[in-house]
Structure formats: structure tokens, C-alpha cells
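Following: one structure in C-alpha cells, then a few remarks.
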Amino acid sequence: MLQGLSVGGEYGASATYLSEMASRRHRGFWSSFQYLTLIGGQLLALAVTLVLQSLLSEAELRGWGWRIPFAIGAVLAVLVYLLRRGLAETAAFEALGVRAKSSALGLWRTYPREFVIVALISGGGSCAFYAYTTYMQKFLVNTSGFKPAAATEIMTAALLVFMLAQPLLGAVSDRVGRKPMLLLFGVGGMLVSAPVFSAIAGARGWEAALGLVLVPLLLLSAYTSISGLIKAELFPAEVRTLGVALPYAIGNTLLGGTAEYVALWFKASGMEAGFYWYLTGVLALATLGFALLPETKRTSLITED
């Protein structure tokens, strides 16, 4: 719960900050660095896991080695705090002057349509993100039969490609718009999720597994590269951070954070394929949200350049 409170506040603030700091012509490119660095954190975690797996026995890892990543995270948290103290405020924030206090109730009353859309697309995008990244590593071990070290190596390679795709697809959105990218992910994710999970379940070689994992991840990149930006562009500066963070937190809590629990429940019930279709249904809801979304590249409420 403490992690959830932390991430909930972080997501809205970082998405808003990057979106407001970027120039209008390159907002997609620069905002993509939110997920580039997020995935970079996952890769760092996987690298620590690989090193620990090579240096410690399984008994040592279970006994005390698991504490090492938490110690590294604690040190990094102090460094991040020191870095943030020197950040400049954005022009959009400075232009507000006297600022009225924003509230969840006020946000809902003024922007109910945007609130619902952001919750829908956040839930679908987060569910896919957790399914294709964190749960996928467990799936490779529990269902495909890979050794834990091999699954870690496959996901490390996949996440590296996923990370590098973020600025590329963010830049594409600056040319073609946000909505085509979102619909590419929504429709594409609906079409490939069940077939790809089914194929990965039977994969034996790491090359085949890696290629299959990359299919939904690259489609997901069309969303993650601009996910914070499209939400920030829907709201004016005085409620922008709250408008991004609160509906995101609701969608992420209901559909994103529960993805692994749902997947493992289906597996324990002997109906593992049910999760593939559950994910497809969640993506259908997200696609509905994408269809209702305006083309924020043209209608963006971030007016500063």
C-alpha cells in the first residue's frame, strides 16, 4: 500500500513535468522518457537478480540475499531526493500565479468524461504492461518450463528492446498523432494476446520465446511511449497532475495491479487460457477509451511551448 501511494503520486507528477517541459513539436519524444527510465529500473532490477543468482546459492538467496536489492533501492532513493531538490518548476506551473486548491471532487465534477477515459485506458494499459513484463517472467517458468535464470535472461533481452522502442515510437506520435498509436496498441493487443500466450506456453528454445514476447511488447510500446502525455494533454494546468494521477491510480489498482493475481487464479483453477481472454477483454475496454479520446496532439491543453 505504501508503494502504491508512492507510485500514484510519482506517476502524475512525472508525466505532467515531462509533458510541460517538452516543446510542442517533440512532446511525444521527450515524454517517452518516463517509461524509458521506468523500464530501465526494471532492467537494473533484473541485472541485480542475475548477479545474485550467479554468486549465491538458492538457499542463500532465500535466506538473506533477497534483502540486497532493497538495500540498493534505499541508497538510490536518497540520490533521487538530492537530484530533485535542484529541479526547476515548469513554465505552466509558474504561469498559474495564485493557485486554487484542486480536489478529487472538483476534478470529477468538472471533467467526468476525461476522468472515466483516463481510468479506462490506464487500467487496460497497466494490465497489459504487468501481463507482458512482470507476470511474463513467472509464466516462462511456471508454464513454459524455463529455468528461472533462463527466464530472467529472456526478459532482460526483451525489456532492453522494449526500452529502446519508447523514444522511437514517441517521436512517431509527434508526426502521425497520438490516437493512431493508441488504436494500434488496443486493436493489436486484442488480436495477439491469446495467440501469443498460447504459443509461449509451448515454446522451448529461448530464441522462439524471446521473439514471441517481443510481439506484444512492441505493440504495448505504442501506448507506453505516450501514456503520460495523452493524459496530461487532457487537463488544464491547475488540475493537470491530479487529473493524470487519480484516474490512473484507480484504473491501475483495479485492473493493473491485480493482473498477476487474476492470472495465477486462472492457473490454479486449471483454466490458464482464461487469463488470455480476460486480458483481451480488458484491452477491449481500453480500446473503447482510445476511441473516445480526442486527438490530443491537436487539442492539447498544454499551451506553453
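Labels for the C-alpha cells follow display order: chains A, B, ..., residues from 1 in each chain, ligands from 1.
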Return as a Markdown table the residues of stretch 142-240 of chain A lying at most 12 Å from stretch 93-113 of chain A, together with the closest atom-to-atom pair for each and the distance in Å to one decimal, counting only C-alpha atoms, with rows in chain order and ascending residue number.
| residue | atom | partner | partner_atom | distance |
| --- | --- | --- | --- | --- |
| A:Leu234 | CA | A:Tyr111 | CA | 9.3 |
| A:Phe235 | CA | A:Tyr111 | CA | 8.3 |
| A:Pro236 | CA | A:Leu96 | CA | 10.3 |
| A:Ala237 | CA | A:Phe93 | CA | 6.7 |
| A:Glu238 | CA | A:Leu96 | CA | 7.1 |
| A:Val239 | CA | A:Ser102 | CA | 6.0 |
| A:Arg240 | CA | A:Ser102 | CA | 9.5 |
Spatial neighbours of A:Ala273, 12 Å, only C-alpha atoms, chain gap at least 4 places, as a list in words: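 Counting only C-alpha atoms, the residues come to Phe139, Thr143, Ser193, Ala194, Pro195, Val196, Phe197, Ser198, Ala199, Ile200, Ala201, Val262, Ala263, Leu264, Trp265, Phe266, Lys267, Ala268, Ser269, Trp277, Tyr278, Leu279 and Thr280 of chain A.
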12 Å contact set for A:Pro294, only C-alpha atoms, chain neighbours under 3 positions out, as a count of residues only: 21
Closest to A:Arg25 among A:Gly86, A:Gly40, A:Gly281, A:Gly170, using only C-alpha atoms?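 Distance minimum relative to A:Arg25 lands on A:Gly170.
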Could you pull the residues within 6 Å of stretch 186-189 of chain A, counting only C-alpha atoms, minus those fewer than 3 positions along the same chain, as a PyMOL selection string? chain A and resi 183+192-193+283+287
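Considering only C-alpha atoms, the residue among A:Ala171, A:Leu44, A:Leu164, A:Val215 positioned nearest to A:Tyr132 is A:Val215.
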Could you tell me how far atom CA of A:Gly124 sits from atom CA of A:Gly274, in Å to one decimal place?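 Rounded to one decimal, the two atoms are 16.6 Å apart.
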DSSP on the backbone: what in stretch 17-222 of chain A comes out helix (DSSP H, G or I), as JSON, numbers by chain? {"A": [17, 18, 19, 20, 21, 24, 25, 26, 27, 28, 29, 30, 31, 33, 34, 35, 36, 37, 38, 39, 40, 41, 42, 43, 44, 45, 46, 47, 48, 49, 50, 51, 52, 53, 54, 55, 58, 59, 60, 61, 62, 63, 64, 65, 67, 68, 69, 70, 71, 72, 73, 74, 75, 76, 77, 78, 79, 80, 81, 82, 83, 84, 91, 92, 93, 94, 104, 105, 106, 107, 108, 109, 110, 112, 113, 114, 115, 116, 117, 118, 119, 120, 121, 122, 123, 124, 125, 126, 127, 128, 129, 130, 131, 132, 134, 135, 136, 137, 138, 139, 140, 141, 142, 148, 149, 150, 151, 152, 153, 154, 155, 156, 157, 158, 159, 160, 161, 162, 163, 164, 165, 166, 167, 168, 169, 170, 171, 172, 173, 174, 175, 176, 178, 179, 180, 181, 182, 183, 184, 185, 186, 187, 188, 189, 190, 191, 192, 193, 194, 195, 196, 197, 198, 199, 200, 201, 206, 207, 208, 209, 210, 211, 212, 213, 214, 215, 216, 217, 218, 219, 220, 221, 222]}
Using only C-alpha atoms, which of A:Leu191, A:Leu168, A:Ala158, A:Ile250 sits nearest A:Ala208? A:Ala158
Between atom CA of A:Glu304 and atom CA of A:Ala249, measure the distance and give it in Å to one decimal.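 Going from atom CA of A:Glu304 over to atom CA of A:Ala249, I get 26.5 Å.
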As a ChimeraX atom specification, please: the residues near A:Glu260 (cut-off 9 Å, only C-alpha atoms, same-chain neighbours under 3 positions excluded). /A:127,130-131,134-135,256-257,263-265
The residue from A:Leu76, A:Val51, A:Met136, A:Val116 with the smallest atom-to-atom distance to A:Leu217, counting only C-alpha atoms, is A:Met136
